[in-house]
$ cat start-v9.txt   # compact mmCIF, C-alpha atoms and all ligand atoms
# COMPACT_ATOMS: atom_id res chain seq x y z
CA MET A 1 -39.54 36.44 42.76
CA ARG A 2 -42.67 34.64 43.80
CA GLY A 3 -45.89 36.29 42.86
CA SER A 4 -43.96 38.70 40.64
CA ASP A 5 -45.01 39.53 37.09
CA THR A 6 -42.24 37.35 35.68
CA SER A 7 -43.40 34.35 37.64
CA LYS A 8 -47.02 35.00 36.64
CA LYS A 9 -46.02 35.18 32.99
CA ASP A 10 -44.02 31.98 33.36
CA ILE A 11 -47.01 30.22 34.81
CA GLU A 12 -49.23 31.52 32.03
CA ARG A 13 -46.75 30.34 29.42
CA THR A 14 -46.31 26.92 31.04
CA ALA A 15 -50.06 26.46 31.37
CA LYS A 16 -50.52 27.20 27.69
CA ALA A 17 -47.68 24.87 26.68
CA ILE A 18 -49.20 22.05 28.73
CA ARG A 19 -52.61 22.57 27.17
CA ASP A 20 -51.00 22.59 23.73
CA GLY A 21 -49.62 19.12 24.46
CA ASP A 22 -45.99 20.09 24.98
CA ARG A 23 -44.57 16.99 26.68
CA VAL A 24 -41.46 18.72 27.95
CA ALA A 25 -43.61 21.35 29.65
CA LEU A 26 -45.76 18.61 31.17
CA ALA A 27 -42.71 16.73 32.47
CA ARG A 28 -41.29 19.95 33.94
CA ALA A 29 -44.59 20.77 35.60
CA ILE A 30 -44.74 17.31 37.17
CA THR A 31 -41.20 17.77 38.46
CA LEU A 32 -42.34 21.12 39.89
CA VAL A 33 -45.26 19.56 41.78
CA GLU A 34 -42.94 16.83 43.06
CA SER A 35 -40.48 19.38 44.40
CA ALA A 36 -40.36 19.80 48.15
CA LYS A 37 -39.03 23.38 47.94
CA PRO A 38 -41.57 25.82 49.37
CA GLY A 39 -41.09 28.25 46.46
CA ASP A 40 -41.73 25.48 43.95
CA GLN A 41 -44.82 24.43 45.87
CA VAL A 42 -46.24 27.94 45.63
CA ASP A 43 -45.57 28.00 41.88
CA ALA A 44 -47.00 24.50 41.46
CA ALA A 45 -50.16 25.50 43.31
CA ALA A 46 -50.53 28.59 41.11
CA LEU A 47 -50.05 26.51 37.97
CA LEU A 48 -52.61 23.93 39.10
CA ASP A 49 -55.03 26.69 39.95
CA ARG A 50 -54.58 28.13 36.48
CA LEU A 51 -55.21 24.71 34.90
CA LEU A 52 -58.12 23.70 37.12
CA PRO A 53 -60.81 24.52 34.49
CA TYR A 54 -59.16 22.06 32.10
CA THR A 55 -58.99 19.15 34.51
CA GLY A 56 -61.47 16.43 35.41
CA LYS A 57 -62.31 15.33 31.90
CA SER A 58 -60.67 11.91 31.95
CA ILE A 59 -61.61 8.44 33.04
CA ARG A 60 -59.35 7.83 36.02
CA VAL A 61 -58.58 4.17 36.57
CA GLY A 62 -56.56 2.64 39.41
CA ILE A 63 -54.87 -0.68 38.65
CA SER A 64 -53.69 -2.64 41.64
CA GLY A 65 -52.60 -6.16 42.50
CA VAL A 66 -49.73 -8.10 43.99
CA PRO A 67 -46.26 -7.74 42.43
CA GLY A 68 -45.99 -9.98 39.40
CA ALA A 69 -49.75 -10.09 38.72
CA GLY A 70 -49.15 -8.48 35.37
CA LYS A 71 -50.25 -4.89 36.00
CA SER A 72 -47.53 -3.30 33.87
CA THR A 73 -48.07 -5.81 31.06
CA LEU A 74 -51.80 -5.10 31.20
CA ILE A 75 -51.34 -1.34 31.15
CA ASP A 76 -48.95 -1.57 28.21
CA GLN A 77 -51.42 -3.60 26.15
CA LEU A 78 -54.56 -1.76 27.27
CA GLY A 79 -52.80 1.54 26.65
CA LEU A 80 -51.90 0.46 23.10
CA ASN A 81 -55.48 -0.64 22.44
CA LEU A 82 -56.76 2.70 23.70
CA VAL A 83 -54.37 4.89 21.70
CA ALA A 84 -55.36 2.88 18.63
CA GLU A 85 -58.92 4.12 19.35
CA ASP A 86 -57.61 7.70 19.45
CA HIS A 87 -57.50 8.03 23.21
CA LYS A 88 -54.67 9.96 24.80
CA VAL A 89 -53.42 7.81 27.65
CA ALA A 90 -51.41 8.85 30.69
CA VAL A 91 -49.86 6.20 32.94
CA LEU A 92 -48.73 7.05 36.45
CA ALA A 93 -46.97 4.44 38.50
CA VAL A 94 -47.25 4.56 42.26
CA ASP A 95 -45.14 1.60 43.13
CA PRO A 96 -43.36 1.75 46.47
CA THR A 97 -41.48 -1.43 45.65
CA SER A 98 -40.16 -0.07 42.38
CA SER A 99 -38.94 3.12 43.99
CA ARG A 100 -37.10 1.11 46.59
CA SER A 101 -35.46 -1.43 44.29
CA GLY A 102 -34.09 0.94 41.67
CA GLY A 103 -33.96 -1.82 39.08
CA SER A 104 -37.64 -2.42 38.59
CA ILE A 105 -38.42 1.08 37.31
CA LEU A 106 -36.20 0.13 34.42
CA GLY A 107 -38.05 -3.17 34.30
CA ASP A 108 -41.38 -1.34 34.15
CA LYS A 109 -40.15 0.89 31.37
CA THR A 110 -39.18 -2.13 29.31
CA ARG A 111 -42.46 -3.82 30.17
CA MET A 112 -44.35 -0.77 28.97
CA GLY A 113 -41.85 -0.25 26.20
CA ARG A 114 -44.33 -0.32 23.34
CA LEU A 115 -46.64 2.17 25.01
CA ALA A 116 -43.76 4.38 26.10
CA ALA A 117 -42.71 4.70 22.47
CA ASP A 118 -46.15 5.94 21.40
CA PRO A 119 -46.52 9.73 21.14
CA ARG A 120 -50.19 9.53 22.22
CA ALA A 121 -49.19 8.02 25.55
CA TYR A 122 -47.37 9.58 28.47
CA ILE A 123 -45.75 7.40 31.13
CA ARG A 124 -44.51 8.81 34.42
CA PRO A 125 -42.96 6.54 37.05
CA SER A 126 -43.18 7.60 40.68
CA PRO A 127 -40.24 9.63 41.95
CA ALA A 128 -37.52 7.29 43.16
CA GLY A 129 -36.93 7.14 46.89
CA ASP A 130 -40.04 9.10 47.79
CA SER A 131 -42.21 7.94 50.64
CA LEU A 132 -45.66 6.54 50.02
CA GLY A 133 -47.32 9.70 51.27
CA GLY A 134 -45.12 11.86 49.11
CA VAL A 135 -45.77 9.83 46.03
CA THR A 136 -49.50 9.76 46.39
CA LYS A 137 -49.73 13.41 47.32
CA THR A 138 -48.17 14.44 44.04
CA THR A 139 -49.95 11.73 42.06
CA ARG A 140 -53.23 13.63 42.43
CA GLU A 141 -51.59 16.74 41.09
CA THR A 142 -49.99 14.76 38.30
CA ILE A 143 -53.41 13.42 37.28
CA ALA A 144 -54.67 17.00 37.05
CA LEU A 145 -51.69 18.04 34.92
CA ALA A 146 -52.11 15.05 32.59
CA GLU A 147 -55.79 15.93 32.15
CA ALA A 148 -54.97 19.54 31.37
CA ALA A 149 -52.60 18.19 28.71
CA GLY A 150 -55.57 16.51 27.06
CA HIS A 151 -55.22 12.95 28.31
CA ASP A 152 -58.69 11.45 28.44
CA VAL A 153 -57.61 8.22 30.09
CA VAL A 154 -55.41 8.17 33.19
CA LEU A 155 -54.19 4.79 34.42
CA VAL A 156 -52.58 4.68 37.86
CA GLU A 157 -50.61 1.53 38.66
CA THR A 158 -50.13 0.68 42.30
CA VAL A 159 -49.02 -2.38 44.22
CA GLY A 160 -51.74 -3.95 46.35
CA VAL A 161 -49.62 -4.19 49.44
CA GLY A 162 -49.48 -1.62 52.20
CA GLN A 163 -51.59 1.52 52.04
CA SER A 164 -50.84 2.75 48.55
CA GLU A 165 -53.94 1.08 47.12
CA THR A 166 -56.27 2.91 49.49
CA ALA A 167 -54.58 6.18 48.63
CA VAL A 168 -54.96 5.46 44.92
CA ALA A 169 -58.59 4.36 45.33
CA ASN A 170 -59.15 7.82 46.81
CA MET A 171 -58.02 9.52 43.61
CA VAL A 172 -59.58 7.46 40.83
CA ASP A 173 -63.08 6.80 39.48
CA VAL A 174 -62.81 3.09 38.82
CA PHE A 175 -60.56 0.67 40.70
CA VAL A 176 -59.36 -2.53 39.02
CA VAL A 177 -57.65 -5.31 40.94
CA VAL A 178 -55.47 -7.62 38.87
CA ALA A 179 -55.47 -11.13 40.31
CA ILE A 180 -53.83 -14.33 39.16
CA PRO A 181 -54.90 -17.95 39.28
CA GLY A 182 -53.25 -19.52 42.31
CA ALA A 183 -52.73 -23.08 43.34
CA GLY A 184 -55.41 -24.45 45.68
CA ASP A 185 -56.58 -21.48 47.64
CA GLU A 186 -57.32 -19.14 44.76
CA LEU A 187 -57.79 -16.09 46.89
CA GLN A 188 -54.36 -16.29 48.42
CA GLY A 189 -52.32 -13.14 48.45
CA ILE A 190 -55.28 -10.82 47.95
CA LYS A 191 -56.26 -9.09 51.12
CA ARG A 192 -59.90 -8.59 51.93
CA GLY A 193 -59.21 -4.87 52.18
CA LEU A 194 -58.05 -4.81 48.57
CA LEU A 195 -61.13 -6.70 47.40
CA GLU A 196 -63.34 -4.19 49.14
CA LEU A 197 -61.89 -1.41 47.02
CA ALA A 198 -62.45 -3.25 43.74
CA ASP A 199 -64.97 -2.24 41.09
CA ILE A 200 -63.54 -4.88 38.78
CA ILE A 201 -61.41 -7.96 39.42
CA ALA A 202 -59.42 -9.00 36.38
CA VAL A 203 -57.98 -12.50 36.71
CA ASN A 204 -54.92 -12.25 34.48
CA LYS A 205 -52.77 -14.91 32.81
CA ALA A 206 -55.79 -16.84 31.56
CA ASP A 207 -53.69 -18.37 28.80
CA SER A 208 -51.80 -21.56 27.90
CA ASP A 209 -52.47 -24.17 30.55
CA GLN A 210 -53.87 -21.67 33.06
CA VAL A 211 -57.26 -21.01 31.45
CA VAL A 212 -59.17 -23.48 33.59
CA ARG A 213 -57.51 -22.34 36.78
CA ALA A 214 -58.23 -18.73 35.89
CA ASP A 215 -61.92 -19.54 35.38
CA ARG A 216 -62.00 -21.30 38.71
CA ALA A 217 -60.33 -18.35 40.41
CA ALA A 218 -62.88 -16.02 38.81
CA MET A 219 -65.71 -18.15 40.23
CA GLU A 220 -64.21 -17.97 43.69
CA TYR A 221 -63.80 -14.21 43.47
CA ARG A 222 -67.42 -13.91 42.37
CA THR A 223 -68.53 -15.89 45.40
CA ALA A 224 -66.33 -13.92 47.77
CA LEU A 225 -67.48 -10.59 46.33
CA HIS A 226 -71.11 -11.67 46.41
CA ILE A 227 -70.78 -12.14 50.15
CA LEU A 228 -68.71 -9.00 50.70
CA SER A 229 -70.99 -6.76 48.64
CA ALA A 230 -74.22 -7.92 50.24
CA GLY A 231 -76.06 -4.90 51.58
CA HIS A 232 -73.93 -2.41 49.65
CA GLU A 233 -76.35 -0.69 47.30
CA ASN A 234 -73.84 1.02 45.06
CA TRP A 235 -71.23 -1.68 44.89
CA ASP A 236 -71.61 -4.40 42.31
CA PRO A 237 -68.07 -5.58 41.59
CA GLN A 238 -67.48 -7.42 38.32
CA VAL A 239 -65.11 -10.31 37.73
CA LEU A 240 -63.57 -11.34 34.42
CA THR A 241 -60.60 -13.30 33.11
CA LEU A 242 -58.06 -12.05 30.60
CA SER A 243 -54.59 -12.46 29.24
CA ALA A 244 -52.61 -9.25 29.11
CA ARG A 245 -49.82 -11.11 27.31
CA ASP A 246 -52.07 -12.33 24.51
CA ASN A 247 -54.33 -9.24 24.44
CA LYS A 248 -57.38 -11.37 25.22
CA GLY A 249 -60.30 -10.02 27.20
CA LEU A 250 -58.93 -6.48 27.35
CA ASP A 251 -61.78 -5.05 25.30
CA ALA A 252 -64.24 -6.62 27.73
CA LEU A 253 -62.31 -5.10 30.61
CA TRP A 254 -62.42 -1.65 29.05
CA ALA A 255 -66.14 -2.05 28.34
CA LYS A 256 -66.66 -2.76 32.06
CA VAL A 257 -64.58 0.23 33.06
CA LYS A 258 -66.61 2.51 30.78
CA GLU A 259 -69.88 0.97 31.96
CA ARG A 260 -68.97 1.60 35.58
CA HIS A 261 -67.82 5.13 34.82
CA ALA A 262 -71.01 5.92 32.90
CA ALA A 263 -73.17 4.53 35.71
CA LEU A 264 -71.34 6.67 38.27
CA ALA A 265 -71.69 9.73 36.07
CA ALA A 266 -75.40 9.14 35.42
CA SER A 267 -76.30 8.73 39.08
CA GLY A 268 -74.34 11.79 40.18
CA ALA A 269 -72.05 9.55 42.24
CA LEU A 270 -69.03 10.51 40.13
CA ASP A 271 -69.33 14.20 40.98
CA GLU A 272 -69.96 13.35 44.60
CA ARG A 273 -66.98 11.02 44.70
CA ARG A 274 -64.68 13.54 43.04
CA SER A 275 -65.74 16.42 45.23
CA GLY A 276 -65.21 14.25 48.30
CA GLN A 277 -61.77 13.32 46.99
CA ALA A 278 -60.92 16.97 46.37
CA ALA A 279 -61.93 17.92 49.91
CA LEU A 280 -59.82 15.07 51.30
CA TRP A 281 -56.94 16.23 49.11
CA MET A 282 -57.14 19.76 50.51
CA ARG A 283 -57.17 18.41 54.03
CA GLU A 284 -54.15 16.19 53.40
CA ILE A 285 -52.11 19.00 51.87
CA PHE A 286 -53.05 21.34 54.69
CA GLU A 287 -52.08 18.75 57.31
CA GLN A 288 -48.77 18.12 55.59
CA ARG A 289 -48.07 21.86 55.40
CA LEU A 290 -48.96 22.33 59.04
CA LEU A 291 -46.75 19.48 60.10
CA ALA A 292 -43.90 20.65 57.88
CA ALA A 293 -44.16 24.21 59.23
CA PHE A 294 -44.23 22.90 62.77
CA LYS A 295 -41.27 20.58 62.36
CA GLY A 296 -39.42 23.30 60.45
CA GLY A 297 -39.05 25.38 63.61
CA LYS A 298 -35.88 24.31 65.44
CA ARG A 299 -37.40 24.55 68.91
CA ALA A 300 -40.46 22.63 67.92
CA ALA A 301 -38.37 19.98 66.19
CA ARG A 302 -36.26 19.50 69.32
CA HIS A 303 -39.29 19.08 71.52
CA PHE A 304 -40.90 16.81 68.97
CA GLN A 305 -38.01 14.36 69.24
CA GLU A 306 -37.80 14.71 73.02
CA LEU A 307 -41.48 14.01 73.50
CA GLU A 308 -41.50 11.18 71.02
CA ASP A 309 -38.65 9.57 72.95
CA LYS A 310 -40.66 9.90 76.16
CA VAL A 311 -43.66 8.27 74.53
CA ARG A 312 -41.47 5.46 73.22
CA ALA A 313 -39.97 4.93 76.67
CA GLY A 314 -43.43 4.80 78.20
CA GLU A 315 -42.73 7.88 80.32
CA MET A 316 -45.58 9.82 78.81
CA THR A 317 -48.83 8.93 77.10
CA ALA A 318 -49.21 9.70 73.41
CA ALA A 319 -52.16 11.99 74.11
CA ALA A 320 -50.34 14.02 76.77
CA ALA A 321 -47.29 14.41 74.55
CA ALA A 322 -49.41 15.50 71.58
CA HIS A 323 -51.19 18.09 73.74
CA GLU A 324 -47.85 19.35 75.00
CA LEU A 325 -46.59 19.70 71.42
CA ALA A 326 -49.70 21.60 70.45
CA ARG A 327 -49.17 23.91 73.44
CA LEU A 328 -45.51 24.49 72.47
CA ALA A 329 -46.61 25.32 68.95
CA GLY A 330 -48.98 27.94 70.33
CA ILE A 331 -52.09 26.08 69.26
CA LYS A 332 -54.91 27.05 71.60
CA ASP A 333 -57.94 24.92 72.23
CA ALA A 334 -61.02 26.24 70.54
CA ASP A 335 -63.59 27.80 72.85
N1 LIG A 401 -48.64 -16.06 30.97
C1 LIG A 401 -48.80 -14.77 31.18
N2 LIG A 401 -47.82 -14.06 31.81
C2 LIG A 401 -48.02 -12.76 32.03
C3 LIG A 401 -49.23 -12.10 31.64
N3 LIG A 401 -49.14 -10.81 32.03
C4 LIG A 401 -47.93 -10.66 32.61
N4 LIG A 401 -47.24 -11.81 32.59
C5 LIG A 401 -45.89 -12.02 33.13
O1 LIG A 401 -45.90 -11.85 34.53
C6 LIG A 401 -44.70 -11.23 34.98
C7 LIG A 401 -44.98 -9.99 35.79
O2 LIG A 401 -45.58 -9.02 34.95
P1 LIG A 401 -45.63 -7.48 35.30
O3 LIG A 401 -46.47 -6.83 34.27
O4 LIG A 401 -44.29 -6.93 35.54
O5 LIG A 401 -46.39 -7.53 36.70
P2 LIG A 401 -46.61 -6.36 37.78
O6 LIG A 401 -45.58 -6.54 38.85
O7 LIG A 401 -47.98 -6.63 38.31
O8 LIG A 401 -46.52 -5.05 37.09
C8 LIG A 401 -43.87 -10.96 33.74
O9 LIG A 401 -42.95 -11.98 33.58
C9 LIG A 401 -44.91 -10.98 32.63
O10 LIG A 401 -44.36 -11.36 31.40
C10 LIG A 401 -50.23 -12.90 30.99
O11 LIG A 401 -51.32 -12.43 30.62
N5 LIG A 401 -49.96 -14.21 30.80
MG MG A 402 -45.40 -3.28 37.47
$ encode --input "start-v9.txt" --output "structure tokens" --more "lines below"
Ligand SMILES: Nc1nc2c(ncn2[C@@H]2O[C@H](COP(=O)(O)OP(=O)(O)O)[C@@H](O)[C@H]2O)c(=O)[nH]1
Ligand SMILES: [Mg+2]
Amino acid sequence: MRGSDTSKKDIERTAKAIRDGDRVALARAITLVESAKPGDQVDAAALLDRLLPYTGKSIRVGISGVPGAGKSTLIDQLGLNLVAEDHKVAVLAVDPTSSRSGGSILGDKTRMGRLAADPRAYIRPSPAGDSLGGVTKTTRETIALAEAAGHDVVLVETVGVGQSETAVANMVDVFVVVAIPGAGDELQGIKRGLLELADIIAVNKADSDQVVRADRAAMEYRTALHILSAGHENWDPQVLTLSARDNKGLDALWAKVKERHAALAASGALDERRSGQAALWMREIFEQRLLAAFKGGKRAARHFQELEDKVRAGEMTAAAAAHELARLAGIKDAD
């Protein structure tokens, strides 16, 4: 059926429905891009190709931070503020912890309950049980679909542990790290690597008796970032305090996000960044396809395991085994 007139018409119809703001069509399209079936992947690629001219028109914001920092609470409130200003907001959650512990997706939905109930917002949790790579691969495509559906703000929530934050930083325009005031060592729990990705650090929970501690934490982040950013011409990370719970400081946060986005756009860095991200995206998909095709062959799969076992047992070096696999797969060295 693939490539047939029926399938082409379907894609045309789906593309139009998505652009017309049909939420069911959008949800179905996201499910299609998340599907591992080769046929679905071909259809998904055709659909994305069709929608490409209508993508890229949003402010893409990554929101990261340790579990419990208040990311979901912040997104719920910020999202509500933005829809009240007539923005159409899409929220994508790339949370490896929530896909593992089935319960917290439900928790997230309740935490973003007010936003989820708003017709101008669209919330999509990451597919349960998917691997990090899988989730982030389809998150890029999901961003494109949400943009084609007219969402002008895309918020991507990710946990700042592991590699998911780097993957998300590679698909957004502005990266926000949500921090919390800690006891004593204020910077605890935030890895240097996460700080280095940040355009904005938002110290959350600056409310009740935590205001002073939040201010102190903000000072320490400023100092740390001042040192880290020395010598980086295009990196001037901003630090602010806020309370997602009380909706305090969220306007200032959004002003910073817009300021950063406008500066990137004006200097041409936004286009450069996005084209670099698109090239990286192509490479990742191609590598995944190659690997999948290779492992799909029974013979290759058998040798893959055999050689991996040898490498594990120290009977063969990783390089020699990889070369042998390439040879078995018929990959010739370039001249
Ligand atoms: N005091 C206070 N608590 C907050 C604030 N934002 C979130 N919380 C609480 O922190 C906990 C974790 O919030 P959540 O949004 O799920 O964090 P996430 O894991 O980063 O998404 C919840 O109990 C929230 O109610 C805030 O601004 N102030
Ligand atoms: Mg959360």
$ residues_around --input "start-v9.txt" --residues "A:Ala144" --least-positions-apart "4" --cutoff "12 Å" --atoms "all atoms listed in the file" --output "PDB file with C-alpha atoms, in the coordinates of the input"
ATOM      1  CA  ALA A  15     -50.060  26.460  31.370  1.00  0.00           C
ATOM      2  CA  ILE A  18     -49.200  22.050  28.730  1.00  0.00           C
ATOM      3  CA  ARG A  19     -52.610  22.570  27.170  1.00  0.00           C
ATOM      4  CA  LEU A  26     -45.760  18.610  31.170  1.00  0.00           C
ATOM      5  CA  ALA A  29     -44.590  20.770  35.600  1.00  0.00           C
ATOM      6  CA  ILE A  30     -44.740  17.310  37.170  1.00  0.00           C
ATOM      7  CA  VAL A  33     -45.260  19.560  41.780  1.00  0.00           C
ATOM      8  CA  ALA A  44     -47.000  24.500  41.460  1.00  0.00           C
ATOM      9  CA  ALA A  45     -50.160  25.500  43.310  1.00  0.00           C
ATOM     10  CA  LEU A  47     -50.050  26.510  37.970  1.00  0.00           C
ATOM     11  CA  LEU A  48     -52.610  23.930  39.100  1.00  0.00           C
ATOM     12  CA  ASP A  49     -55.030  26.690  39.950  1.00  0.00           C
ATOM     13  CA  ARG A  50     -54.580  28.130  36.480  1.00  0.00           C
ATOM     14  CA  LEU A  51     -55.210  24.710  34.900  1.00  0.00           C
ATOM     15  CA  LEU A  52     -58.120  23.700  37.120  1.00  0.00           C
ATOM     16  CA  PRO A  53     -60.810  24.520  34.490  1.00  0.00           C
ATOM     17  CA  TYR A  54     -59.160  22.060  32.100  1.00  0.00           C
ATOM     18  CA  THR A  55     -58.990  19.150  34.510  1.00  0.00           C
ATOM     19  CA  GLY A  56     -61.470  16.430  35.410  1.00  0.00           C
ATOM     20  CA  LYS A  57     -62.310  15.330  31.900  1.00  0.00           C
ATOM     21  CA  SER A  58     -60.670  11.910  31.950  1.00  0.00           C
ATOM     22  CA  ILE A  59     -61.610   8.440  33.040  1.00  0.00           C
ATOM     23  CA  ARG A  60     -59.350   7.830  36.020  1.00  0.00           C
ATOM     24  CA  ALA A  90     -51.410   8.850  30.690  1.00  0.00           C
ATOM     25  CA  LEU A  92     -48.730   7.050  36.450  1.00  0.00           C
ATOM     26  CA  LYS A 137     -49.730  13.410  47.320  1.00  0.00           C
ATOM     27  CA  THR A 138     -48.170  14.440  44.040  1.00  0.00           C
ATOM     28  CA  THR A 139     -49.950  11.730  42.060  1.00  0.00           C
ATOM     29  CA  ARG A 140     -53.230  13.630  42.430  1.00  0.00           C
ATOM     30  CA  ALA A 148     -54.970  19.540  31.370  1.00  0.00           C
ATOM     31  CA  ALA A 149     -52.600  18.190  28.710  1.00  0.00           C
ATOM     32  CA  GLY A 150     -55.570  16.510  27.060  1.00  0.00           C
ATOM     33  CA  HIS A 151     -55.220  12.950  28.310  1.00  0.00           C
ATOM     34  CA  ASP A 152     -58.690  11.450  28.440  1.00  0.00           C
ATOM     35  CA  VAL A 153     -57.610   8.220  30.090  1.00  0.00           C
ATOM     36  CA  VAL A 154     -55.410   8.170  33.190  1.00  0.00           C
ATOM     37  CA  MET A 171     -58.020   9.520  43.610  1.00  0.00           C
ATOM     38  CA  VAL A 172     -59.580   7.460  40.830  1.00  0.00           C
ATOM     39  CA  ALA A 278     -60.920  16.970  46.370  1.00  0.00           C
TER      40      ALA A 278
END
$ residues_near_ligand --input "start-v9.txt" --ligand "ligand LIG 401 (chain A)" --cutoff "7 Å" --atoms "only C-alpha atoms and all ligand atoms" --output "ChimeraX atom specification"
/A:65-74,108,111,204-207,242-246
$ write_last_selection --input "start-v9.txt" --atoms "C-alpha atoms" --output "PDB file, in the frame of the given file"
ATOM      1  CA  GLY A  65     -52.600  -6.160  42.500  1.00  0.00           C
ATOM      2  CA  VAL A  66     -49.730  -8.100  43.990  1.00  0.00           C
ATOM      3  CA  PRO A  67     -46.260  -7.740  42.430  1.00  0.00           C
ATOM      4  CA  GLY A  68     -45.990  -9.980  39.400  1.00  0.00           C
ATOM      5  CA  ALA A  69     -49.750 -10.090  38.720  1.00  0.00           C
ATOM      6  CA  GLY A  70     -49.150  -8.480  35.370  1.00  0.00           C
ATOM      7  CA  LYS A  71     -50.250  -4.890  36.000  1.00  0.00           C
ATOM      8  CA  SER A  72     -47.530  -3.300  33.870  1.00  0.00           C
ATOM      9  CA  THR A  73     -48.070  -5.810  31.060  1.00  0.00           C
ATOM     10  CA  LEU A  74     -51.800  -5.100  31.200  1.00  0.00           C
ATOM     11  CA  ASP A 108     -41.380  -1.340  34.150  1.00  0.00           C
ATOM     12  CA  ARG A 111     -42.460  -3.820  30.170  1.00  0.00           C
ATOM     13  CA  ASN A 204     -54.920 -12.250  34.480  1.00  0.00           C
ATOM     14  CA  LYS A 205     -52.770 -14.910  32.810  1.00  0.00           C
ATOM     15  CA  ALA A 206     -55.790 -16.840  31.560  1.00  0.00           C
ATOM     16  CA  ASP A 207     -53.690 -18.370  28.800  1.00  0.00           C
ATOM     17  CA  LEU A 242     -58.060 -12.050  30.600  1.00  0.00           C
ATOM     18  CA  SER A 243     -54.590 -12.460  29.240  1.00  0.00           C
ATOM     19  CA  ALA A 244     -52.610  -9.250  29.110  1.00  0.00           C
ATOM     20  CA  ARG A 245     -49.820 -11.110  27.310  1.00  0.00           C
ATOM     21  CA  ASP A 246     -52.070 -12.330  24.510  1.00  0.00           C
TER      22      ASP A 246
END
$ atom_distance --input "start-v9.txt" --atom1 "atom CA of A:Gly296" --atom2 "atom CA of A:Ala313"
24.5 Å
$ residues_around --input "start-v9.txt" --residues "A:Glu284" --least-positions-apart "2" --cutoff "12 Å" --atoms "all atoms listed in the file" --output "PyMOL selection string"
chain A and resi 133-134+136-138+140+167+170+277-282+286-291
$ residues_around --input "start-v9.txt" --residues "stretch 200-202 of chain A" --least-positions-apart "4" --cutoff "6 Å" --atoms "only C-alpha atoms" --output "PDB file with C-alpha atoms, in the frame of the given file"
ATOM      1  CA  VAL A 176     -59.360  -2.530  39.020  1.00  0.00           C
ATOM      2  CA  VAL A 177     -57.650  -5.310  40.940  1.00  0.00           C
ATOM      3  CA  VAL A 178     -55.470  -7.620  38.870  1.00  0.00           C
ATOM      4  CA  ALA A 179     -55.470 -11.130  40.310  1.00  0.00           C
ATOM      5  CA  PRO A 237     -68.070  -5.580  41.590  1.00  0.00           C
ATOM      6  CA  GLN A 238     -67.480  -7.420  38.320  1.00  0.00           C
ATOM      7  CA  VAL A 239     -65.110 -10.310  37.730  1.00  0.00           C
ATOM      8  CA  LEU A 240     -63.570 -11.340  34.420  1.00  0.00           C
ATOM      9  CA  THR A 241     -60.600 -13.300  33.110  1.00  0.00           C
TER      10      THR A 241
END
$ residues_around --input "start-v9.txt" --residues "A:Phe175" --least-positions-apart "5" --cutoff "9 Å" --atoms "only C-alpha atoms" --output "list of chain:residue names"
A:Arg60, A:Val61, A:Gly62, A:Ile63, A:Ser64, A:Val168, A:Ala169, A:Leu197, A:Ala198, A:Asp199, A:Ile200, A:Ile201, A:Val257
$ closest_residue --input "start-v9.txt" --among "A:Gly39, A:Gly113, A:Gly79, A:Pro125" --to "A:Ala27" --atoms "all atoms listed in the file"
A:Pro125
$ atom_distance --input "start-v9.txt" --atom1 "atom CA of A:Thr142" --atom2 "atom CA of A:Leu270"
19.6 Å
$ build_atoms --input "start-v9.txt" --residues "stretch 276-282 of chain A" --atoms "N, CA, C and O atoms" --output "JSON list (two decimals), in the frame of the given file"
[["chain", "number", "residue", "atom", "x", "y", "z"],
["A", 276, "GLY", "N", -65.69, 14.79, 47.03],
["A", 276, "GLY", "CA", -65.21, 14.25, 48.30],
["A", 276, "GLY", "C", -63.70, 14.04, 48.27],
["A", 276, "GLY", "O", -62.98, 14.37, 49.23],
["A", 277, "GLN", "N", -63.21, 13.54, 47.14],
["A", 277, "GLN", "CA", -61.77, 13.32, 46.99],
["A", 277, "GLN", "C", -61.01, 14.64, 47.03],
["A", 277, "GLN", "O", -59.94, 14.74, 47.62],
["A", 278, "ALA", "N", -61.59, 15.67, 46.40],
["A", 278, "ALA", "CA", -60.92, 16.97, 46.37],
["A", 278, "ALA", "C", -60.85, 17.56, 47.78],
["A", 278, "ALA", "O", -59.83, 18.15, 48.17],
["A", 279, "ALA", "N", -61.92, 17.40, 48.54],
["A", 279, "ALA", "CA", -61.93, 17.92, 49.91],
["A", 279, "ALA", "C", -60.89, 17.19, 50.76],
["A", 279, "ALA", "O", -60.16, 17.81, 51.55],
["A", 280, "LEU", "N", -60.81, 15.87, 50.58],
["A", 280, "LEU", "CA", -59.82, 15.07, 51.30],
["A", 280, "LEU", "C", -58.41, 15.50, 50.92],
["A", 280, "LEU", "O", -57.52, 15.61, 51.77],
["A", 281, "TRP", "N", -58.24, 15.79, 49.65],
["A", 281, "TRP", "CA", -56.94, 16.23, 49.11],
["A", 281, "TRP", "C", -56.52, 17.53, 49.79],
["A", 281, "TRP", "O", -55.40, 17.67, 50.26],
["A", 282, "MET", "N", -57.45, 18.49, 49.86],
["A", 282, "MET", "CA", -57.14, 19.76, 50.51],
["A", 282, "MET", "C", -56.71, 19.52, 51.96],
["A", 282, "MET", "O", -55.72, 20.06, 52.43]]
